[in-house]
Each structure stands twice: as structure tokens, then as C-alpha cells.
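Note: the block below is query_12.cif and it holds mmCIF, C-alpha atoms and all ligand atoms.
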```
data_my_file
#
loop_
_atom_site.label_atom_id
_atom_site.label_comp_id
_atom_site.auth_asym_id
_atom_site.auth_seq_id
_atom_site.Cartn_x
_atom_site.Cartn_y
_atom_site.Cartn_z
CA MET A 1 -19.16 -19.08 24.60
CA ILE A 2 -22.26 -20.93 23.40
CA SER A 3 -25.58 -19.05 23.28
CA LYS A 4 -28.87 -20.90 23.12
CA ILE A 5 -31.78 -18.79 21.88
CA THR A 6 -35.49 -19.48 21.58
CA SER A 7 -38.19 -17.28 20.14
CA PRO A 8 -40.20 -15.33 22.74
CA ALA A 9 -43.98 -15.02 22.38
CA ARG A 10 -43.67 -11.21 22.32
CA LEU A 11 -40.82 -8.93 21.31
CA HIS A 12 -41.55 -5.53 22.79
CA GLY A 13 -39.07 -3.00 24.10
CA ILE A 14 -36.76 -0.04 23.73
CA VAL A 15 -33.22 -0.86 22.62
CA LYS A 16 -30.33 1.58 22.66
CA PRO A 17 -27.46 0.19 20.59
CA PRO A 18 -23.89 1.43 21.22
CA GLY A 19 -22.43 4.56 19.63
CA ASP A 20 -21.71 4.37 15.92
CA LYS A 21 -18.40 2.64 15.22
CA SER A 22 -17.58 4.51 12.00
CA ILE A 23 -18.26 7.93 13.53
CA SER A 24 -16.36 7.08 16.75
CA HIS A 25 -13.32 5.97 14.76
CA ARG A 26 -13.25 9.21 12.81
CA ALA A 27 -13.91 11.37 15.88
CA SER A 28 -10.93 9.87 17.72
CA LEU A 29 -8.55 9.87 14.76
CA LEU A 30 -9.34 13.33 13.42
CA ASN A 31 -9.47 15.00 16.84
CA SER A 32 -6.04 13.48 17.62
CA ILE A 33 -4.52 15.43 14.70
CA SER A 34 -6.52 18.63 15.23
CA LYS A 35 -5.70 21.68 17.26
CA GLY A 36 -7.61 22.01 20.52
CA VAL A 37 -9.32 19.83 23.10
CA SER A 38 -12.43 17.80 22.30
CA HIS A 39 -14.87 15.54 24.14
CA VAL A 40 -16.40 12.58 22.37
CA SER A 41 -19.37 10.95 24.11
CA ASN A 42 -21.43 7.84 23.37
CA PHE A 43 -18.23 6.41 21.87
CA CYS A 44 -18.58 2.94 20.34
CA VAL A 45 -17.75 -0.04 22.53
CA GLY A 46 -16.12 -3.38 21.82
CA ASP A 47 -12.86 -4.75 20.51
CA ASP A 48 -12.75 -2.49 17.43
CA ARG A 49 -12.77 0.57 19.71
CA SER A 50 -9.75 -0.81 21.59
CA SER A 51 -7.99 -1.41 18.28
CA MET A 52 -8.45 2.17 17.06
CA LEU A 53 -7.62 3.78 20.42
CA GLY A 54 -4.60 1.47 20.84
CA CYS A 55 -3.18 2.49 17.45
CA LEU A 56 -3.74 6.20 18.13
CA ARG A 57 -2.15 5.99 21.59
CA GLY A 58 0.75 4.06 20.03
CA LEU A 59 1.29 7.14 17.87
CA GLY A 60 1.40 9.37 20.95
CA ALA A 61 -2.21 10.62 20.82
CA ASN A 62 -3.41 12.07 24.11
CA ILE A 63 -6.77 10.39 24.75
CA THR A 64 -8.23 10.03 28.25
CA ARG A 65 -11.41 8.25 29.24
CA HIS A 66 -13.57 10.04 31.80
CA THR A 67 -16.65 8.75 33.58
CA ASN A 68 -19.46 11.13 34.54
CA CYS A 69 -17.86 13.79 32.37
CA LYS A 70 -18.53 17.29 33.73
CA ILE A 71 -18.11 18.90 30.33
CA SER A 72 -20.23 16.69 28.07
CA GLY A 73 -22.55 15.58 30.91
CA ALA A 74 -22.22 12.01 29.60
CA GLU A 75 -21.67 8.86 31.65
CA GLU A 76 -18.54 8.16 29.65
CA CYS A 77 -16.55 10.43 27.37
CA PHE A 78 -13.11 10.61 25.82
CA GLU A 79 -11.09 13.78 26.14
CA ILE A 80 -8.72 14.20 23.24
CA ILE A 81 -5.94 16.78 23.32
CA GLY A 82 -5.14 17.28 19.65
CA SER A 83 -1.51 17.61 18.66
CA GLY A 84 -2.12 19.21 15.27
CA LEU A 85 -1.32 17.58 11.94
CA HIS A 86 2.37 17.08 12.72
CA GLY A 87 2.32 16.20 16.43
CA LEU A 88 2.24 12.39 16.27
CA THR A 89 5.37 10.43 17.22
CA GLU A 90 7.06 7.28 15.95
CA PRO A 91 5.50 4.17 17.53
CA SER A 92 8.07 2.06 19.39
CA ASP A 93 6.20 -1.14 18.54
CA VAL A 94 4.00 -2.61 15.82
CA LEU A 95 0.51 -1.06 15.74
CA ASN A 96 -2.27 -3.65 15.97
CA ALA A 97 -5.62 -3.03 14.26
CA GLY A 98 -7.02 -6.36 15.54
CA ASN A 99 -10.12 -7.30 13.56
CA SER A 100 -10.83 -3.74 12.41
CA GLY A 101 -10.50 -3.00 8.70
CA THR A 102 -11.50 0.62 9.30
CA THR A 103 -8.66 1.05 11.80
CA MET A 104 -6.10 -0.44 9.44
CA ARG A 105 -7.17 1.51 6.37
CA LEU A 106 -7.74 4.90 8.03
CA ILE A 107 -4.57 4.69 10.13
CA SER A 108 -2.62 3.73 6.98
CA GLY A 109 -3.69 7.02 5.38
CA LEU A 110 -2.29 8.74 8.44
CA LEU A 111 0.97 6.75 8.55
CA ALA A 112 1.67 7.37 4.87
CA GLY A 113 2.17 11.08 5.55
CA GLN A 114 4.31 10.87 8.71
CA ASP A 115 8.06 11.42 8.70
CA PHE A 116 8.76 8.29 10.75
CA PHE A 117 8.80 4.50 10.42
CA SER A 118 5.76 2.43 11.43
CA VAL A 119 4.25 -1.01 10.96
CA ILE A 120 0.58 -1.96 11.28
CA THR A 121 -0.81 -5.48 11.52
CA GLY A 122 -4.06 -7.19 12.50
CA ASP A 123 -5.61 -10.53 13.41
CA ASP A 124 -5.79 -13.58 11.09
CA SER A 125 -8.90 -12.26 9.35
CA LEU A 126 -7.54 -8.75 8.78
CA ARG A 127 -4.16 -10.03 7.57
CA ASN A 128 -6.04 -11.78 4.77
CA ARG A 129 -8.17 -8.81 3.68
CA PRO A 130 -7.23 -6.84 0.53
CA MET A 131 -4.92 -3.87 1.12
CA LYS A 132 -3.76 -3.30 -2.47
CA ARG A 133 -6.70 -0.93 -2.89
CA ILE A 134 -4.98 1.43 -0.41
CA THR A 135 -1.30 0.69 -1.04
CA THR A 136 -1.51 1.40 -4.79
CA PRO A 137 -2.92 4.95 -4.58
CA LEU A 138 -0.85 5.77 -1.47
CA ALA A 139 2.31 4.73 -3.35
CA GLN A 140 1.21 6.91 -6.29
CA MET A 141 0.98 9.80 -3.82
CA GLY A 142 4.63 9.16 -2.93
CA ALA A 143 4.19 6.98 0.16
CA TYR A 144 6.96 4.52 0.94
CA ILE A 145 4.82 1.51 1.84
CA ASN A 146 5.45 -2.23 1.84
CA GLY A 147 3.37 -5.27 2.65
CA ARG A 148 3.21 -9.02 2.16
CA ASP A 149 2.31 -10.50 -1.20
CA ASP A 150 3.47 -7.56 -3.31
CA ASP A 151 2.01 -4.95 -0.89
CA SER A 152 -1.45 -6.47 -0.93
CA LEU A 153 -1.61 -7.92 2.61
CA ALA A 154 -0.78 -6.71 6.12
CA PRO A 155 1.47 -6.28 7.99
CA LEU A 156 2.13 -2.99 6.18
CA SER A 157 5.20 -0.88 6.83
CA PHE A 158 5.65 2.86 6.20
CA LYS A 159 8.75 5.01 6.05
CA GLY A 160 8.69 8.80 6.17
CA SER A 161 7.90 10.31 2.80
CA SER A 162 6.37 13.48 1.40
CA LEU A 163 3.07 13.10 -0.39
CA ARG A 164 1.57 14.82 -3.41
CA GLY A 165 -2.00 14.83 -4.69
CA ILE A 166 -3.22 12.41 -7.36
CA GLU A 167 -6.36 12.06 -9.43
CA CYS A 168 -7.79 8.58 -9.12
CA THR A 169 -10.94 6.57 -9.65
CA MET A 170 -11.58 4.20 -6.79
CA PRO A 171 -11.90 0.54 -7.93
CA VAL A 172 -14.59 -0.08 -5.27
CA ALA A 173 -17.15 2.14 -3.53
CA SER A 174 -15.43 1.81 -0.17
CA ALA A 175 -15.63 4.38 2.62
CA GLN A 176 -12.50 2.94 4.18
CA LEU A 177 -10.50 3.51 0.99
CA LYS A 178 -11.99 6.96 0.42
CA SER A 179 -11.25 7.99 4.01
CA CYS A 180 -7.70 6.64 3.82
CA LEU A 181 -7.03 8.86 0.79
CA ILE A 182 -8.73 11.90 2.32
CA ILE A 183 -6.60 11.53 5.47
CA ALA A 184 -3.42 11.11 3.40
CA GLY A 185 -4.55 14.25 1.54
CA LEU A 186 -4.15 16.21 4.79
CA TYR A 187 -0.40 15.55 4.46
CA SER A 188 -0.08 16.17 0.69
CA SER A 189 1.55 19.19 -0.91
CA SER A 190 -1.29 19.41 -3.48
CA PRO A 191 -4.96 18.29 -3.51
CA SER A 192 -6.08 14.89 -4.71
CA ILE A 193 -9.21 14.40 -6.76
CA ILE A 194 -10.95 11.16 -5.82
CA HIS A 195 -13.71 9.81 -8.05
CA GLN A 196 -16.11 7.39 -6.31
CA PRO A 197 -17.93 4.73 -8.36
CA ALA A 198 -20.95 5.14 -6.02
CA GLU A 199 -21.71 6.87 -2.76
CA SER A 200 -20.50 5.25 0.46
CA ARG A 201 -20.74 6.50 4.06
CA ASP A 202 -19.58 10.12 4.27
CA HIS A 203 -18.72 10.54 7.95
CA THR A 204 -15.12 11.54 7.19
CA GLU A 205 -16.23 14.29 4.82
CA ARG A 206 -18.83 15.66 7.27
CA MET A 207 -16.48 15.64 10.24
CA LEU A 208 -13.51 17.10 8.38
CA ASN A 209 -15.58 19.96 7.08
CA SER A 210 -16.96 20.64 10.58
CA MET A 211 -13.31 20.91 11.69
CA GLY A 212 -12.46 23.50 9.03
CA GLY A 213 -10.92 20.98 6.59
CA ASN A 214 -10.84 22.09 3.01
CA LEU A 215 -12.76 19.31 1.26
CA GLU A 216 -14.69 20.15 -1.89
CA ILE A 217 -17.41 17.68 -2.81
CA ASN A 218 -18.90 17.70 -6.26
CA GLY A 219 -21.28 14.80 -6.82
CA LEU A 220 -19.15 11.69 -6.55
CA ALA A 221 -15.85 13.61 -6.84
CA ILE A 222 -13.92 14.77 -3.76
CA LYS A 223 -11.07 17.29 -3.81
CA THR A 224 -8.96 16.87 -0.68
CA GLY A 225 -7.60 19.66 1.52
CA ASN A 226 -4.46 19.94 3.66
CA LYS A 227 -5.41 22.61 6.20
CA GLU A 228 -4.82 22.34 9.96
CA LEU A 229 -8.03 21.15 11.65
CA SER A 230 -9.82 22.51 14.72
CA SER A 231 -11.04 19.99 17.30
CA VAL A 232 -14.79 19.38 17.61
CA ASP A 233 -16.90 17.81 20.33
CA VAL A 234 -18.92 14.87 19.05
CA LYS A 235 -21.95 13.16 20.56
CA VAL A 236 -21.99 9.94 18.58
CA PRO A 237 -25.45 8.68 17.46
CA SER A 238 -26.48 5.06 18.03
CA ASP A 239 -24.89 2.75 15.48
CA THR A 240 -27.07 2.36 12.39
CA SER A 241 -25.64 -1.10 11.67
CA GLY A 242 -26.10 -2.25 15.29
CA SER A 243 -29.69 -0.94 15.16
CA ALA A 244 -30.40 -2.93 11.99
CA PHE A 245 -30.50 -6.21 13.94
CA TRP A 246 -33.42 -4.98 16.04
CA LEU A 247 -35.18 -3.49 13.02
CA ILE A 248 -35.19 -6.90 11.37
CA ALA A 249 -36.20 -8.69 14.60
CA GLY A 250 -39.12 -6.27 14.99
CA ALA A 251 -40.26 -6.48 11.37
CA CYS A 252 -40.19 -10.31 11.26
CA HIS A 253 -41.52 -11.34 14.69
CA PRO A 254 -45.31 -12.00 14.78
CA ASP A 255 -45.89 -9.90 17.95
CA SER A 256 -43.39 -7.10 18.18
CA ARG A 257 -42.80 -3.41 18.68
CA ILE A 258 -39.22 -2.19 19.15
CA THR A 259 -38.09 1.44 19.45
CA ILE A 260 -34.50 2.55 18.87
CA PRO A 261 -33.98 6.08 20.19
CA GLY A 262 -31.26 8.29 18.65
CA MET A 263 -30.43 5.97 15.76
CA GLY A 264 -27.91 7.33 13.23
CA MET A 265 -29.89 8.39 10.14
CA ASN A 266 -27.10 9.57 7.85
CA PRO A 267 -28.51 9.00 4.34
CA THR A 268 -25.34 7.16 3.29
CA ARG A 269 -26.17 4.61 6.01
CA THR A 270 -29.96 4.31 5.91
CA GLY A 271 -30.11 1.91 2.97
CA VAL A 272 -31.43 -0.62 5.50
CA LEU A 273 -34.49 1.57 6.15
CA GLU A 274 -35.07 2.02 2.41
CA VAL A 275 -34.86 -1.73 1.85
CA LEU A 276 -37.19 -2.49 4.75
CA GLU A 277 -39.65 0.14 3.52
CA SER A 278 -39.55 -1.43 0.02
CA MET A 279 -40.34 -4.72 1.80
CA ASN A 280 -43.45 -3.13 3.32
CA ALA A 281 -42.09 -2.96 6.89
CA ASN A 282 -44.02 -0.98 9.52
CA ILE A 283 -41.49 1.69 10.45
CA THR A 284 -42.07 5.12 11.96
CA ILE A 285 -39.44 7.79 12.50
CA GLU A 286 -39.81 10.61 15.02
CA ASN A 287 -37.71 13.35 16.54
CA GLU A 288 -35.37 13.68 13.55
CA HIS A 289 -32.60 16.16 14.25
CA LEU A 290 -28.91 16.81 13.65
CA GLU A 291 -26.43 15.70 16.32
CA GLY A 292 -22.97 17.16 15.61
CA GLY A 293 -23.67 17.32 11.88
CA GLU A 294 -25.09 13.77 11.76
CA PRO A 295 -28.86 13.15 11.34
CA THR A 296 -30.48 11.01 14.06
CA GLY A 297 -34.03 9.95 14.88
CA ASP A 298 -36.14 7.63 17.04
CA VAL A 299 -37.14 4.63 14.95
CA THR A 300 -39.96 2.23 15.81
CA VAL A 301 -40.61 -1.02 14.00
CA SER A 302 -43.45 -3.47 14.52
CA THR A 303 -44.76 -6.75 13.10
CA SER A 304 -44.93 -6.47 9.30
CA ASP A 305 -46.23 -8.41 6.30
CA LEU A 306 -42.96 -8.36 4.38
CA ILE A 307 -42.66 -8.76 0.62
CA ALA A 308 -39.54 -9.69 -1.35
CA THR A 309 -37.29 -7.05 -2.91
CA GLU A 310 -34.12 -6.61 -4.95
CA ILE A 311 -31.00 -5.16 -3.33
CA SER A 312 -28.34 -4.28 -5.89
CA GLY A 313 -26.35 -1.56 -7.67
CA ASP A 314 -25.59 1.75 -5.95
CA LEU A 315 -27.64 0.75 -2.92
CA ILE A 316 -25.09 -1.92 -1.92
CA PRO A 317 -22.43 0.38 -0.38
CA ARG A 318 -25.16 2.09 1.68
CA VAL A 319 -26.35 -1.21 3.13
CA VAL A 320 -23.15 -3.25 3.00
CA ASP A 321 -22.96 -4.21 6.68
CA GLU A 322 -26.67 -5.00 6.92
CA LEU A 323 -26.88 -7.54 4.08
CA PRO A 324 -26.53 -10.69 6.23
CA VAL A 325 -29.40 -9.67 8.51
CA LEU A 326 -31.46 -8.44 5.54
CA ALA A 327 -31.03 -11.92 4.02
CA LEU A 328 -32.60 -13.19 7.24
CA ALA A 329 -35.50 -10.74 6.80
CA ALA A 330 -36.01 -12.12 3.29
CA CYS A 331 -36.72 -15.56 4.82
CA PHE A 332 -39.88 -13.98 6.30
CA ALA A 333 -40.97 -12.12 3.15
CA LYS A 334 -43.40 -13.27 0.46
CA GLY A 335 -41.54 -14.04 -2.78
CA THR A 336 -37.90 -14.24 -3.80
CA THR A 337 -35.43 -11.56 -2.71
CA VAL A 338 -32.32 -11.08 -4.83
CA ILE A 339 -29.11 -9.56 -3.47
CA ALA A 340 -26.67 -8.81 -6.31
CA ASN A 341 -23.51 -6.75 -6.97
CA ALA A 342 -22.43 -7.46 -3.39
CA GLU A 343 -19.09 -9.18 -4.08
CA GLU A 344 -17.46 -6.89 -1.46
CA LEU A 345 -19.15 -9.10 1.14
CA ARG A 346 -16.62 -11.82 0.29
CA VAL A 347 -13.74 -9.69 1.68
CA LYS A 348 -15.27 -8.49 4.93
CA GLU A 349 -14.40 -9.95 8.37
CA SER A 350 -15.48 -13.28 6.82
CA ASP A 351 -16.82 -14.26 3.40
CA ARG A 352 -20.24 -12.97 4.40
CA ILE A 353 -22.03 -14.47 1.39
CA SER A 354 -20.94 -18.02 2.25
CA ALA A 355 -21.28 -17.45 6.00
CA THR A 356 -24.84 -16.09 5.72
CA VAL A 357 -25.93 -18.86 3.36
CA ASP A 358 -24.36 -21.47 5.67
CA SER A 359 -26.25 -20.20 8.74
CA LEU A 360 -29.60 -19.70 7.07
CA GLN A 361 -29.43 -23.06 5.25
CA ARG A 362 -28.78 -24.84 8.56
CA LEU A 363 -31.92 -23.13 9.90
CA GLY A 364 -33.91 -24.47 6.95
CA ALA A 365 -34.08 -21.35 4.77
CA GLN A 366 -34.57 -21.55 1.03
CA ILE A 367 -31.41 -19.63 0.12
CA GLU A 368 -28.92 -20.01 -2.70
CA GLU A 369 -25.44 -18.51 -3.02
CA THR A 370 -24.52 -16.60 -6.20
CA SER A 371 -21.12 -15.20 -7.16
CA ASP A 372 -22.08 -11.68 -6.05
CA GLY A 373 -24.92 -12.23 -3.62
CA MET A 374 -27.81 -14.49 -2.70
CA ARG A 375 -31.35 -15.47 -3.71
CA ILE A 376 -33.74 -16.09 -0.84
CA THR A 377 -37.30 -17.36 -1.12
CA GLY A 378 -39.36 -16.54 1.93
CA THR A 379 -40.92 -19.50 3.74
CA HIS A 380 -41.95 -17.50 6.84
CA THR A 381 -40.40 -20.11 9.06
CA LEU A 382 -36.97 -21.19 10.29
CA THR A 383 -36.14 -24.08 12.58
CA GLY A 384 -33.54 -23.80 15.34
CA ALA A 385 -30.21 -25.57 14.66
CA GLU A 386 -26.50 -25.29 15.46
CA VAL A 387 -24.87 -22.36 13.65
CA GLU A 388 -21.38 -20.83 13.51
CA THR A 389 -20.12 -17.24 13.59
CA HIS A 390 -17.28 -17.78 11.08
CA GLY A 391 -15.27 -15.47 13.38
CA ASP A 392 -17.46 -12.55 12.29
CA HIS A 393 -19.38 -10.27 14.68
CA ARG A 394 -22.15 -9.51 12.19
CA ILE A 395 -22.74 -13.19 11.44
CA ALA A 396 -22.81 -13.89 15.21
CA MET A 397 -25.55 -11.25 15.65
CA THR A 398 -27.49 -12.32 12.55
CA ASN A 399 -27.56 -15.83 14.08
CA GLY A 400 -28.82 -14.34 17.35
CA ILE A 401 -31.71 -12.55 15.63
CA ALA A 402 -32.47 -15.74 13.66
CA GLY A 403 -32.71 -17.50 17.03
CA LEU A 404 -35.33 -14.97 18.16
CA LEU A 405 -37.42 -15.82 15.08
CA ALA A 406 -36.89 -19.56 14.59
CA ALA A 407 -39.05 -22.35 16.00
CA GLY A 408 -37.19 -24.40 18.62
CA GLU A 409 -33.71 -23.73 19.93
CA THR A 410 -30.83 -22.11 18.00
CA THR A 411 -27.33 -22.85 19.32
CA ILE A 412 -24.61 -20.36 18.42
CA GLY A 413 -20.98 -21.40 18.96
CA ASN A 414 -18.38 -18.65 19.60
CA SER A 415 -21.16 -16.15 20.19
CA GLU A 416 -18.65 -13.90 22.02
CA ASP A 417 -17.51 -12.79 18.53
CA ALA A 418 -20.33 -10.20 18.71
CA SER A 419 -18.17 -8.21 21.15
CA VAL A 420 -16.11 -6.81 18.29
CA SER A 421 -18.83 -4.18 17.85
CA TYR A 422 -21.65 -4.92 20.32
CA PRO A 423 -20.53 -6.48 23.64
CA SER A 424 -23.99 -6.18 25.26
CA PHE A 425 -25.79 -7.81 22.31
CA TRP A 426 -26.55 -11.10 24.12
CA GLU A 427 -27.81 -9.28 27.21
CA VAL A 428 -30.32 -7.41 25.04
CA VAL A 429 -31.35 -10.71 23.43
CA SER A 430 -31.95 -12.20 26.92
CA GLU A 431 -33.92 -9.15 28.06
CA LEU A 432 -36.13 -9.33 24.99
CA GLN A 433 -36.71 -13.05 25.58
CA GLU A 434 -38.13 -12.42 29.08
C1 LIG B 1 -16.67 1.34 7.23
C2 LIG B 1 -16.92 1.16 5.91
C3 LIG B 1 -17.54 -0.04 5.34
C4 LIG B 1 -18.07 -1.00 6.39
C5 LIG B 1 -17.22 -1.08 7.60
C6 LIG B 1 -17.00 0.29 8.21
C7 LIG B 1 -16.09 2.62 7.67
O1 LIG B 1 -16.60 -0.68 4.54
O2 LIG B 1 -18.22 -2.29 5.84
O3 LIG B 1 -17.81 -1.92 8.57
O4 LIG B 1 -16.18 2.94 8.87
O5 LIG B 1 -15.54 3.33 6.83
P1 LIG B 1 -16.31 -0.17 3.02
O6 LIG B 1 -17.17 1.02 2.72
O7 LIG B 1 -14.89 0.18 3.01
O8 LIG B 1 -16.69 -1.36 2.20
#
```
Would it be possible to restate this file's structure as C-alpha cells?
Ligand code: S3P
Amino acid sequence: MISKITSPARLHGIVKPPGDKSISHRASLLNSISKGVSHVSNFCVGDDRSSMLGCLRGLGANITRHTNCKISGAEECFEIIGSGLHGLTEPSDVLNAGNSGTTMRLISGLLAGQDFFSVITGDDSLRNRPMKRITTPLAQMGAYINGRDDDSLAPLSFKGSSLRGIECTMPVASAQLKSCLIIAGLYSSSPSIIHQPAESRDHTERMLNSMGGNLEINGLAIKTGNKELSSVDVKVPSDTSGSAFWLIAGACHPDSRITIPGMGMNPTRTGVLEVLESMNANITIENEHLEGGEPTGDVTVSTSDLIATEISGDLIPRVVDELPVLALAACFAKGTTVIANAEELRVKESDRISATVDSLQRLGAQIEETSDGMRITGTHTLTGAEVETHGDHRIAMTNGIAGLLAAGETTIGNSEDASVSYPSFWEVVSELQE
């Protein structure tokens, strides 16, 4: 699909992004191995949801989609009948995580502790993303795990084994790695102690503890637990990363006011708000409250006089998915913004440093690629051009927001790639253009 976008004179509206992908993934996985029945509403949408649900169903999980759910009152909800920690069954076919790194890494933590054989694979992009970071510690825990290229690339295969706890320092501040090890810890005879180099999203920890899991968290150290879990109902907040696109559109457009009701405000995810505030963005937050243990709030952003900032260090894992669209915001800020220590971006769904620089350069931005980030000097103007998604949903959507801000027409090839996490993204763009 090709999308052609022009900048509207005004950008006013209320946008409700889909349910948070990270929280939905954890709610479906953890409730599948809990005891009891749960209802998860405002579940994420898109191809990554199908990947996670497909893998869980392949393992025998009992997950049913209901519309107009009488119990949660939601338009759509998933009823999950948990089978307990040891109720999953051997998949008769290869599990497919599609484009979803979270699915592959979290499900691998689960497979490592099962007493059956399984194989998990993914699409071209995922089969080239680094898996050694999970296979090494899982093997140390006693998992029998194999993969291509000396266990560093999917497909990955698992054979029944019993796990024991380990003490390890994670080589990267990755929530996917941390969650993989915490999930494997549920099947270990002794606790693991996991040391994080910096804080990353903590949805697994919050949800497990709300289910009676035995996690102990001490600063950046996590001691895993192996108790049976009790199912919990979850009303998933709006995706923080999906919301970020509209925050940047609202802050950069010369006549805008956009409200995002019920946005996920977990502090391990709100790096984007901190960065925008340091850039002088006009943001107000109302109605802050907890929704199933996760903070949410109604966020409004309007036209702002942005200034440049530095995004680096421990902030990076808390803003990792928002860096491409923040680079776009930097094009509309006074001064030079530096993004550093973000080498993880090179091993996401695409090399997001090169992909972002490619798009923004085509649109006339003053942007330069560095080994671990980018330097962007704001010019307050972009000019429509032809841009590519690089097979990456977040680059597709960054291009879409750039189109709402650039002079002239922006043409985005393969714009359907946005459907990995946000299938209605282009509809919202059209509505805002009217
Ligand atoms: C995710 C963690 C992040 C993020 C990804 C979702 C998760 O990756 O990039 O989109 O749900 O755990 P890492 O923290 O592993 O880098």
C-alpha cells in the first residue's frame, strides 16, 4: 500500500491508540499459565497480537475472544482459562512469532522450562535478530536449547529439561531478556538473581506480583519466584509507544491540540514525556489513576516552541521505541539534539538508526548518523518526499507523522507495515487531515 500524506492546516482531536502491546502480551502469556479464569480487555491489535496468541494457542492455551463481553463490559475481551504452570502441551507444529521479538523472547523463557519438544521461528527480520542474549543464560539455567549460528539466531528448538536458578548480569537493559528469565524462573528449582544494567519496562514484574508471584525487587536486582500464579483480569491502558506518535505530531504542528485519553503512564515507559518536557513541549496530564496496577492518564499536547535536548544513558531503555519519532521532533526544535548510547536500535525490527536517518534525510532534515545514535539540528521545516518503511512498523508511522508536518506531499511505500502494532494508524491520520 502507498500512503500519500499532506500537512493539514489544523491538527485538533482526540485520539485513542490501541491497547498496550507489552502489557497485552504479558496478560495473555501469564494468565495462560495461572490458575483461574481471567478477562483481558482493550487488548492490543495488529499482527504482533496474532503472533503471541498463535504461539500460546499452539501450546494448548485456552483463549477465547468475546465481543460485547458481559463480564468486563468491554466491546472486545479475551477470556483465558489458565492451566496452571504445568498445563501446557507439546505443540504439534513450529511456533511462529512473526515479526514480534517480545513473543519470541518471552515464549522462549516459557519453552525452556517445559518437559516437551518445541521449535519457535519468526519472519525474515526476527530470524536475524540477536537471540544469544537469551540462549546463553537459559542454557546456564539448564535449558536444552539450540539455534542457528551457534544458538544465536532463530529458529530455536527446546527439549524438556529441568531448570535451576542462576545469578547473572544482563549484557543489555532489555525488558524482553529480563522477562524471558523471570518466566523461566517460574520453572526453576531455585531462584535466579538478575542484575539489570539500567531500568527497562517493568510490566512483567508488576503483573506477576499482582498474580501472587514471588518476585523480590531490590533496586536493579530481581530475585525470581516459582510459585503457582492466580489469574487476574486486566484492562490494558492505551499503548504509550503508539501514543508517542500523536504527542510528537501535536508538539510540532503549528496549530494543534491533541488529547490521548487513558494513555499508559508507567514510569518505565514515560521517557517520551520526560524528553518532550525537556524540549519545552506543552503537555498537560489529567485524571491520573491506576488501572490494574498500571498508571494511566489523559494527556493533552499542543503547539510548542521546542528546544533541542540530549537523549542518552539510562533514559534510553525507557524511550527505546520512541527514538525514531523523537528524532523527527528534533527537526522542529531549536538547536542540535543528540541521541547517544542507543546502539540497541540497530537490532530492532530494522536498523532504526539508519532507517530513521534515511527517512528524515530524504525529507530534507539536517541529521547525521553516529555509531550509537543520531545528531539532529532543527530547521523547523521538512519537505515531502518518497520514503520507505524498511519493513518496520515504527518507521512506517514515523514517516506518517513526518507527512503531517512536512510541506508538500510525503509518499510512503509499504505503509501497511504499520499494522504490526497499529492497524488503524492511517485512518487516524486521514481523520486528522480533514
Ligand atoms: C518490549 C521491550 C522493548 C521494546 C519492545 C517491546 C517488551 O525491547 O523495544 O518493542 O514488551 O518487553 P527491549 O527492552 O528488550 O529492548
Query raised in the report: Which residues, written as number ranges by chain, have at least one atom at most 8 Å from segment 76-88 of chain A, with all atoms listed in the file counted and residues fewer than 4 positions away on the same chain left out?
Result: A: 28, 31-43, 59-69, 72, 114, 186-187, 228-229, 231
Query raised in the report: Which of these, A:Pro317, A:Gly384, A:Gly58, A:Gly413, has the shortest distance to ligand LIG 1 (chain B) once you count only C-alpha atoms and all ligand atoms?
Result: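 When distances to ligand LIG 1 (chain B) are compared using only C-alpha atoms and all ligand atoms, the smallest one comes from A:Pro317.
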Requested in this report: Go through A:Asn280, A:Ser256, A:Thr383, A:Ser421 and flag the residue nearest ligand LIG 1 (chain B), using only C-alpha atoms and all ligand atoms for the distances.
Outcome: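 With only C-alpha atoms and all ligand atoms as the atom set, the closest residue is A:Ser421.
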**Report entry** Distance criterion (only C-alpha atoms and all ligand atoms): nearest to ligand LIG 1 (chain B) out of A:Gly250, A:Gly400, A:Pro8, A:Pro197
**Finding:** A:Pro197
Query - Point-to-point distance in Å for atom CA of Met279 of chain A and atom CA of Val320 of chain A - result: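 Distance between the two atoms: 17.3 Å.
Distances from A:Ser243, A:Ser125, A:Ser108, A:Ser354 to Lys178 of chain A were compared using all atoms listed in the file, and the smallest one belongs to A:Ser108.
Minimum distance to ligand LIG 1 (chain B) across A:Arg148, A:Arg164, A:Arg127, A:Arg346 (counting all atoms listed in the file) occurs at A:Arg346.
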Report summary line: Taken to one decimal, the atom CA of Ser51 of chain A-atom CA of Leu106 of chain A distance is 12.0 Å
Requested in this report: Might you pull out every residue within 8 Å of Ile285 of chain A, with all atoms listed in the file counted and same-chain residues fewer than 2 positions away left off, and present them as JSON, numbers by chain?
Outcome: {"A": [283, 287, 288, 297, 298, 299, 300]}
